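Here's the structure, in structure tokens; my notes come after.
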Amino acid sequence: MCHGGFSTLFYKEVLRFWKVASQTVAAPVLTALLYLLIFSHVLEGHVKVHGVIYTAFLIPGLVMMSVLQNAFANSSSSLIQSKVTGNIVFVLLPPISYLEFFLAYVLASVVRGLVVGAGVLLATFWFAPLTFAEPVWILVFALLGGAILGSLGVIAGIWADKFDQLAAFQNFLIMPLTFLSGVFYSVNSLPPFWQQVSHWNPVFYMIDGFRHGFFGVSDASPWLSLAVVGTCLALLTTFSLNLLKRGYKLRA
Amino acid sequence: MMSAAIRIKQVSKCFGSTQALDRVDLEVQQGEFFGLLGPNGAGKTTLISALAGLVRPDAGSLCVMGHDVQGDYRAARRHLGVVPQELVFDPFFTVRESLKIQSGYFGIGDNDDWIDEILENLGLTSKANANMRMLSGGMKRRVLVAQALVHRPPVIVLDEPTAGVDVELRQTLWAFIRRLNEAGHTIVLTTHYLEEAENLCTRIAMLKAGRVVALDTTANLLRRFSVHALRLRTAGAMPLELARDGAENGGWWSFPFDGFDQVEPLLARLRAAGCRIDDLEIGKPDLEEVFVRVMQGPPQGQVN
């Protein structure tokens, strides 16, 4: 069992999503599988990206998209539920520092992201010949991407007072950023203007770097992606910790 | 020197233009059973929240067992158990899981015996493995009390713990809290049931509009603010010269008096005025009367 504020909160957050795994794990895996079946059916044979057949190209994108969306969903939905129902006091009354609070929520989000990502990979890698050219990048980008979206989830969960505000955050920020990041296509296939736009989207670098781990080729250098993703994480961490330290919307 | 269980110094807090707490000074000694009374909106919950670190005061300081709730928050929170007023629970877990998790937050892992003891004392043993969602309101309230006690805090604050709960739970709860108090725990209680406060609390503070307007032992408050009263119902109307000395409420006339030697002359006056008494009783001073008088009284300065 756990013997500290951080480890208990982390354990509780993991247990929370695991208890409803059919919603939090199985459902997103099924969604990703449906994307794969539909898009590969339509585009297989027509498109090759980086010399890779389309289905194989698509799989890492779907895995990473699932990691990111579920990492965000975990911290944000847990926090908004706790705030709306009021049981957030159980976490605010004990001697838990704001740093422990932040790390516990973000790491649990990373775990949820990785579990769903692994599930999507297991369910889809039968459909196309997949290589694991540089697996360290796979792990690095999955972890960093999960942590970034987990932190965004903490920010959104703390900021939102109602479920519809959180849904707006998700629908108008998270969804466009992930869908327009090259999950379904290589940004090099886009017109120059949209290529430029995509390069301002941090999620593009998460997915591009992650995909590099599979094929050894990518739109951007994985080192550039690492720099962008690392900077994003540092900025979001600083911002989240500042909110928590001030007690923003948690301690009046 | 033994530090006070709770020391509140010049604490103020504004929410927008509302002054929720206005330079509150309060000290609760270790082992006390202390009552915090006041009408809705008087600042009781804000004060408790400030003590628990849920609300950050604009000015002043609060200490629990000598530990500042901001500067030394870890120690302060380890020494404090709070039963919140709202009936909150985490629907994902069972009763036992909730208590184990709450213990873990305080860095305690090996307290199954204590958890069993709390469950037993609160009549929750048979519900230990039930999901929180399946419990009735009263049962959820018990779990809230249990959650506040998992880390054996020396200071326990209960914010209206008996609001909307049945008689049985009220009795179970107070018996348990009394035992904890006898074992040395300091208890702070807010309640709307003044009878409860009168029976349980040795000392009482009354809050009004964010200020402490009365602070004394329960016995002294009863003596200071309340008097005995002769309460009676008469067959006819109350003669004017007598009505001036009393007050009527629901057909009952009430005549306050300080000493029992005043009863006989009063009855003699009634007889002389030709009143026929239908019913008669002697009302003892109670906290409700004190409460009403204090709250109706002119705004007073800080009472010490």
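Here's how to read the names in the structure tokens: chain A, B, ... by the order shown, residue numbers from 1 in each chain, ligand numbers from 1 in the order shown.
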For this session: Just the strand (DSSP E or B) stuff from stretch 51-120 of chain B, please, per backbone DSSP, written as a list in words.
Result: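 Taking stretch 51-120 of chain B and keeping strand (DSSP E or B) gives Ala59, Gly60, Ser61, Leu62, Cys63, Val64, His67, Asp68, Leu80, Gly81, Val82, Val83 and Thr94 of chain B.
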Expected file: the selected residues, N, CA and C atoms, as an mmCIF file, in the first residue's frame:
data_model
loop_
_atom_site.group_PDB
_atom_site.id
_atom_site.type_symbol
_atom_site.label_atom_id
_atom_site.label_comp_id
_atom_site.auth_asym_id
_atom_site.auth_seq_id
_atom_site.Cartn_x
_atom_site.Cartn_y
_atom_site.Cartn_z
ATOM 1 N N ALA B 59 -6.000 38.819 6.284
ATOM 2 C CA ALA B 59 -5.124 39.313 7.349
ATOM 3 C C ALA B 59 -5.250 38.381 8.545
ATOM 4 N N GLY B 60 -4.256 38.405 9.409
ATOM 5 C CA GLY B 60 -4.298 37.609 10.617
ATOM 6 C C GLY B 60 -3.659 36.247 10.448
ATOM 7 N N SER B 61 -3.631 35.492 11.543
ATOM 8 C CA SER B 61 -2.979 34.180 11.496
ATOM 9 C C SER B 61 -3.794 33.150 12.265
ATOM 10 N N LEU B 62 -3.645 31.904 11.856
ATOM 11 C CA LEU B 62 -4.331 30.805 12.531
ATOM 12 C C LEU B 62 -3.331 29.691 12.810
ATOM 13 N N CYS B 63 -3.392 29.135 14.014
ATOM 14 C CA CYS B 63 -2.497 28.036 14.376
ATOM 15 C C CYS B 63 -3.308 26.860 14.909
ATOM 16 N N VAL B 64 -2.878 25.659 14.545
ATOM 17 C CA VAL B 64 -3.454 24.442 15.113
ATOM 18 C C VAL B 64 -2.342 23.745 15.895
ATOM 19 N N HIS B 67 0.965 25.147 15.246
ATOM 20 C CA HIS B 67 1.509 25.168 13.890
ATOM 21 C C HIS B 67 0.687 26.094 13.009
ATOM 22 N N ASP B 68 1.370 27.048 12.390
ATOM 23 C CA ASP B 68 0.682 27.991 11.520
ATOM 24 C C ASP B 68 0.084 27.266 10.309
ATOM 25 N N LEU B 80 -5.230 18.256 12.514
ATOM 26 C CA LEU B 80 -6.621 18.722 12.399
ATOM 27 C C LEU B 80 -7.465 17.731 11.600
ATOM 28 N N GLY B 81 -8.638 17.421 12.106
ATOM 29 C CA GLY B 81 -9.600 16.611 11.358
ATOM 30 C C GLY B 81 -10.854 17.433 11.150
ATOM 31 N N VAL B 82 -11.293 17.575 9.906
ATOM 32 C CA VAL B 82 -12.454 18.415 9.617
ATOM 33 C C VAL B 82 -13.576 17.577 9.016
ATOM 34 N N VAL B 83 -14.757 17.694 9.595
ATOM 35 C CA VAL B 83 -15.945 17.088 9.000
ATOM 36 C C VAL B 83 -16.681 18.192 8.265
ATOM 37 N N THR B 94 -15.366 2.171 -2.232
ATOM 38 C CA THR B 94 -16.136 1.647 -1.109
ATOM 39 C C THR B 94 -15.769 2.448 0.140
#
For this session: Hey, list the chain B side of the contact with chain A: 6 Å cut-off, only C-alpha atoms, answer as a PyMOL selection string.
Result: chain B and resi 54-55+74+77+88-89+104-109
Exercise. If you count only C-alpha atoms, which residues fall within 12 Å of B:Glu241, apart from same-chain ones fewer than 2 positions away, as an MDAnalysis selection string?
Worked result: chainID B and resid 237:239 243:246 266 269:270 272:273
How would the residues just chosen look if you wrote them out with all heavy atoms as a PDB file, in the first residue's frame?
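Here's the written file result-v8.pdb:
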ATOM      1  N   ALA B 237     -58.257  38.325  29.022  1.00  0.00           N
ATOM      2  CA  ALA B 237     -57.162  39.164  28.553  1.00  0.00           C
ATOM      3  C   ALA B 237     -56.265  39.550  29.720  1.00  0.00           C
ATOM      4  O   ALA B 237     -56.715  39.610  30.862  1.00  0.00           O
ATOM      5  CB  ALA B 237     -57.698  40.411  27.870  1.00  0.00           C
ATOM      6  N   MET B 238     -54.991  39.816  29.389  1.00  0.00           N
ATOM      7  CA  MET B 238     -54.036  40.218  30.430  1.00  0.00           C
ATOM      8  C   MET B 238     -54.253  41.688  30.756  1.00  0.00           C
ATOM      9  O   MET B 238     -54.276  42.529  29.859  1.00  0.00           O
ATOM     10  CB  MET B 238     -52.617  39.996  29.892  1.00  0.00           C
ATOM     11  CG  MET B 238     -51.510  40.286  30.885  1.00  0.00           C
ATOM     12  SD  MET B 238     -51.545  39.243  32.354  1.00  0.00           S
ATOM     13  CE  MET B 238     -51.325  37.621  31.674  1.00  0.00           C
ATOM     14  N   PRO B 239     -54.462  42.003  32.055  1.00  0.00           N
ATOM     15  CA  PRO B 239     -54.627  43.418  32.431  1.00  0.00           C
ATOM     16  C   PRO B 239     -53.414  44.239  32.016  1.00  0.00           C
ATOM     17  O   PRO B 239     -52.285  43.741  32.040  1.00  0.00           O
ATOM     18  CB  PRO B 239     -54.735  43.367  33.959  1.00  0.00           C
ATOM     19  CG  PRO B 239     -55.102  41.952  34.271  1.00  0.00           C
ATOM     20  CD  PRO B 239     -54.528  41.104  33.205  1.00  0.00           C
ATOM     21  N   ALA B 243     -49.435  43.454  31.616  1.00  0.00           N
ATOM     22  CA  ALA B 243     -48.935  43.183  30.269  1.00  0.00           C
ATOM     23  C   ALA B 243     -47.643  43.941  29.993  1.00  0.00           C
ATOM     24  O   ALA B 243     -46.789  43.477  29.236  1.00  0.00           O
ATOM     25  CB  ALA B 243     -49.993  43.551  29.227  1.00  0.00           C
ATOM     26  N   ARG B 244     -47.490  45.099  30.649  1.00  0.00           N
ATOM     27  CA  ARG B 244     -46.281  45.895  30.451  1.00  0.00           C
ATOM     28  C   ARG B 244     -45.024  45.145  30.883  1.00  0.00           C
ATOM     29  O   ARG B 244     -43.955  45.345  30.326  1.00  0.00           O
ATOM     30  CB  ARG B 244     -46.382  47.201  31.268  1.00  0.00           C
ATOM     31  CG  ARG B 244     -47.050  48.346  30.533  1.00  0.00           C
ATOM     32  CD  ARG B 244     -47.042  49.592  31.399  1.00  0.00           C
ATOM     33  NE  ARG B 244     -47.893  49.402  32.590  1.00  0.00           N
ATOM     34  CZ  ARG B 244     -47.558  49.741  33.819  1.00  0.00           C
ATOM     35  NH1 ARG B 244     -46.402  50.302  34.058  1.00  0.00           N
ATOM     36  NH2 ARG B 244     -48.380  49.541  34.836  1.00  0.00           N
ATOM     37  N   ASP B 245     -45.141  44.280  31.865  1.00  0.00           N
ATOM     38  CA  ASP B 245     -43.967  43.593  32.431  1.00  0.00           C
ATOM     39  C   ASP B 245     -43.653  42.282  31.721  1.00  0.00           C
ATOM     40  O   ASP B 245     -42.613  41.672  31.960  1.00  0.00           O
ATOM     41  CB  ASP B 245     -44.195  43.284  33.928  1.00  0.00           C
ATOM     42  CG  ASP B 245     -44.372  44.572  34.718  1.00  0.00           C
ATOM     43  OD1 ASP B 245     -43.898  45.608  34.215  1.00  0.00           O
ATOM     44  OD2 ASP B 245     -44.981  44.511  35.801  1.00  0.00           O
ATOM     45  N   GLY B 246     -44.580  41.838  30.896  1.00  0.00           N
ATOM     46  CA  GLY B 246     -44.357  40.520  30.273  1.00  0.00           C
ATOM     47  C   GLY B 246     -44.382  40.594  28.765  1.00  0.00           C
ATOM     48  O   GLY B 246     -44.391  41.667  28.173  1.00  0.00           O
ATOM     49  N   LEU B 266     -45.598  38.306  42.131  1.00  0.00           N
ATOM     50  CA  LEU B 266     -46.134  38.345  40.778  1.00  0.00           C
ATOM     51  C   LEU B 266     -47.488  37.652  40.721  1.00  0.00           C
ATOM     52  O   LEU B 266     -48.451  38.168  40.146  1.00  0.00           O
ATOM     53  CB  LEU B 266     -45.140  37.675  39.820  1.00  0.00           C
ATOM     54  CG  LEU B 266     -45.443  37.797  38.340  1.00  0.00           C
ATOM     55  CD1 LEU B 266     -45.394  39.262  37.889  1.00  0.00           C
ATOM     56  CD2 LEU B 266     -44.445  36.979  37.520  1.00  0.00           C
ATOM     57  N   ARG B 269     -50.148  39.753  42.336  1.00  0.00           N
ATOM     58  CA  ARG B 269     -50.629  40.831  41.451  1.00  0.00           C
ATOM     59  C   ARG B 269     -51.647  40.279  40.447  1.00  0.00           C
ATOM     60  O   ARG B 269     -52.643  40.923  40.139  1.00  0.00           O
ATOM     61  CB  ARG B 269     -49.463  41.464  40.691  1.00  0.00           C
ATOM     62  CG  ARG B 269     -48.665  42.460  41.526  1.00  0.00           C
ATOM     63  CD  ARG B 269     -47.441  42.948  40.770  1.00  0.00           C
ATOM     64  NE  ARG B 269     -47.781  43.760  39.617  1.00  0.00           N
ATOM     65  CZ  ARG B 269     -46.934  43.974  38.599  1.00  0.00           C
ATOM     66  NH1 ARG B 269     -45.735  43.419  38.612  1.00  0.00           N
ATOM     67  NH2 ARG B 269     -47.312  44.724  37.590  1.00  0.00           N
ATOM     68  N   LEU B 270     -51.350  39.094  39.922  1.00  0.00           N
ATOM     69  CA  LEU B 270     -52.273  38.487  38.960  1.00  0.00           C
ATOM     70  C   LEU B 270     -53.624  38.227  39.610  1.00  0.00           C
ATOM     71  O   LEU B 270     -54.684  38.479  39.025  1.00  0.00           O
ATOM     72  CB  LEU B 270     -51.695  37.168  38.434  1.00  0.00           C
ATOM     73  CG  LEU B 270     -50.584  37.300  37.384  1.00  0.00           C
ATOM     74  CD1 LEU B 270     -49.786  36.014  37.278  1.00  0.00           C
ATOM     75  CD2 LEU B 270     -51.189  37.658  36.021  1.00  0.00           C
ATOM     76  N   ALA B 272     -54.860  39.704  42.255  1.00  0.00           N
ATOM     77  CA  ALA B 272     -55.505  40.984  42.561  1.00  0.00           C
ATOM     78  C   ALA B 272     -56.173  41.597  41.326  1.00  0.00           C
ATOM     79  O   ALA B 272     -57.201  42.240  41.405  1.00  0.00           O
ATOM     80  CB  ALA B 272     -54.475  41.959  43.138  1.00  0.00           C
ATOM     81  N   ALA B 273     -55.548  41.342  40.157  1.00  0.00           N
ATOM     82  CA  ALA B 273     -56.117  41.903  38.924  1.00  0.00           C
ATOM     83  C   ALA B 273     -57.261  41.052  38.392  1.00  0.00           C
ATOM     84  O   ALA B 273     -57.854  41.362  37.366  1.00  0.00           O
ATOM     85  CB  ALA B 273     -55.031  41.996  37.858  1.00  0.00           C
TER      86      ALA B 273
END
Exercise. Taking the backbone alone, and naming residues the way the document does, which bits of stretch 27-274 of chain B are helix (DSSP H, G or I) by DSSP, as JSON, numbers by chain?
Worked result: {"B": [44, 45, 46, 47, 48, 49, 50, 51, 52, 73, 74, 75, 76, 77, 78, 95, 96, 97, 98, 99, 100, 101, 102, 103, 104, 105, 112, 113, 114, 115, 116, 117, 118, 119, 120, 121, 125, 126, 127, 132, 133, 134, 137, 138, 139, 140, 141, 142, 143, 144, 145, 146, 147, 148, 149, 167, 168, 169, 170, 171, 172, 173, 174, 175, 176, 177, 178, 179, 180, 181, 182, 194, 195, 196, 197, 198, 199, 200, 218, 219, 220, 221, 222, 223, 224, 225, 240, 241, 242, 243, 260, 261, 262, 263, 264, 265, 266, 267, 268, 269, 270, 271, 272]}
For this session: Using only C-alpha atoms, determine which residues lie at most 8 Å from A:Met65, disregarding the query and same-chain residues fewer than 3 positions distant; provide the list as a list in words.
Result: Gly61, Leu62, Leu68, Gln69, Thr178, Val183 and Ile207 of chain A
Exercise. What's the 10 Å shell around stretch 155-172 of chain A, counting only C-alpha atoms, without same-chain residues fewer than 5 positions away, as a PyMOL selection string?
Worked result: chain A and resi 69+72-84+102+149-150+177+236-237+239-241+243-244+247-250
For this session: Excluding stretch 188-196 of chain B and residues on its chain fewer than 3 positions from it, collect all residues at most 10 Å away from it, counting only C-alpha atoms, and give them as a ChimeraX atom specification.
Result: /B:6,28,32-40,44-45,48,82-83,85,155-163,170,174,185,199-201,203-206,286-291
For the selection just defined, write its residues with C-alpha atoms to a file, as a PDB file, in the first residue's frame.
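Output contents, as saved in out.pdb:
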ATOM      1  CA  ILE B   6      -6.489  26.534  18.119  1.00  0.00           C
ATOM      2  CA  VAL B  28      -9.481  27.065  22.089  1.00  0.00           C
ATOM      3  CA  GLU B  32     -12.052  21.652  25.296  1.00  0.00           C
ATOM      4  CA  PHE B  33     -15.445  20.894  23.809  1.00  0.00           C
ATOM      5  CA  PHE B  34     -16.026  24.189  22.065  1.00  0.00           C
ATOM      6  CA  GLY B  35     -19.134  25.465  20.305  1.00  0.00           C
ATOM      7  CA  LEU B  36     -19.153  27.924  17.429  1.00  0.00           C
ATOM      8  CA  LEU B  37     -22.633  29.351  16.968  1.00  0.00           C
ATOM      9  CA  GLY B  38     -24.195  31.926  14.743  1.00  0.00           C
ATOM     10  CA  PRO B  39     -26.893  32.381  12.132  1.00  0.00           C
ATOM     11  CA  ASN B  40     -26.362  31.392   8.500  1.00  0.00           C
ATOM     12  CA  LYS B  44     -18.623  29.951  10.905  1.00  0.00           C
ATOM     13  CA  THR B  45     -17.797  27.889   7.842  1.00  0.00           C
ATOM     14  CA  ILE B  48     -13.358  26.647   9.787  1.00  0.00           C
ATOM     15  CA  VAL B  82     -12.454  18.415   9.617  1.00  0.00           C
ATOM     16  CA  VAL B  83     -15.945  17.088   9.000  1.00  0.00           C
ATOM     17  CA  GLN B  85     -20.809  20.569   6.206  1.00  0.00           C
ATOM     18  CA  VAL B 155      -8.193  18.638  17.098  1.00  0.00           C
ATOM     19  CA  ILE B 156     -11.501  17.698  15.498  1.00  0.00           C
ATOM     20  CA  VAL B 157     -13.794  20.259  13.857  1.00  0.00           C
ATOM     21  CA  LEU B 158     -17.347  19.297  13.007  1.00  0.00           C
ATOM     22  CA  ASP B 159     -19.252  21.729  10.798  1.00  0.00           C
ATOM     23  CA  GLU B 160     -22.945  21.086  11.437  1.00  0.00           C
ATOM     24  CA  PRO B 161     -22.508  17.334  11.608  1.00  0.00           C
ATOM     25  CA  THR B 162     -26.101  16.658  12.625  1.00  0.00           C
ATOM     26  CA  ALA B 163     -27.856  18.774   9.997  1.00  0.00           C
ATOM     27  CA  ARG B 170     -27.130  11.894  16.402  1.00  0.00           C
ATOM     28  CA  TRP B 174     -22.326  12.364  20.112  1.00  0.00           C
ATOM     29  CA  HIS B 185      -9.196  15.271  21.708  1.00  0.00           C
ATOM     30  CA  ASN B 199     -25.497  19.888  26.412  1.00  0.00           C
ATOM     31  CA  LEU B 200     -22.109  19.235  24.871  1.00  0.00           C
ATOM     32  CA  CYS B 201     -20.022  22.378  24.833  1.00  0.00           C
ATOM     33  CA  ARG B 203     -17.407  27.003  26.096  1.00  0.00           C
ATOM     34  CA  ILE B 204     -19.154  28.845  23.294  1.00  0.00           C
ATOM     35  CA  ALA B 205     -18.364  31.610  20.836  1.00  0.00           C
ATOM     36  CA  MET B 206     -21.153  33.351  18.962  1.00  0.00           C
ATOM     37  CA  ASP B 286     -31.739  28.058  27.744  1.00  0.00           C
ATOM     38  CA  LEU B 287     -29.143  28.749  25.120  1.00  0.00           C
ATOM     39  CA  GLU B 288     -31.737  29.561  22.522  1.00  0.00           C
ATOM     40  CA  GLU B 289     -32.830  32.550  24.538  1.00  0.00           C
ATOM     41  CA  VAL B 290     -29.206  33.604  25.008  1.00  0.00           C
ATOM     42  CA  PHE B 291     -28.637  33.218  21.288  1.00  0.00           C
TER      43      PHE B 291
END
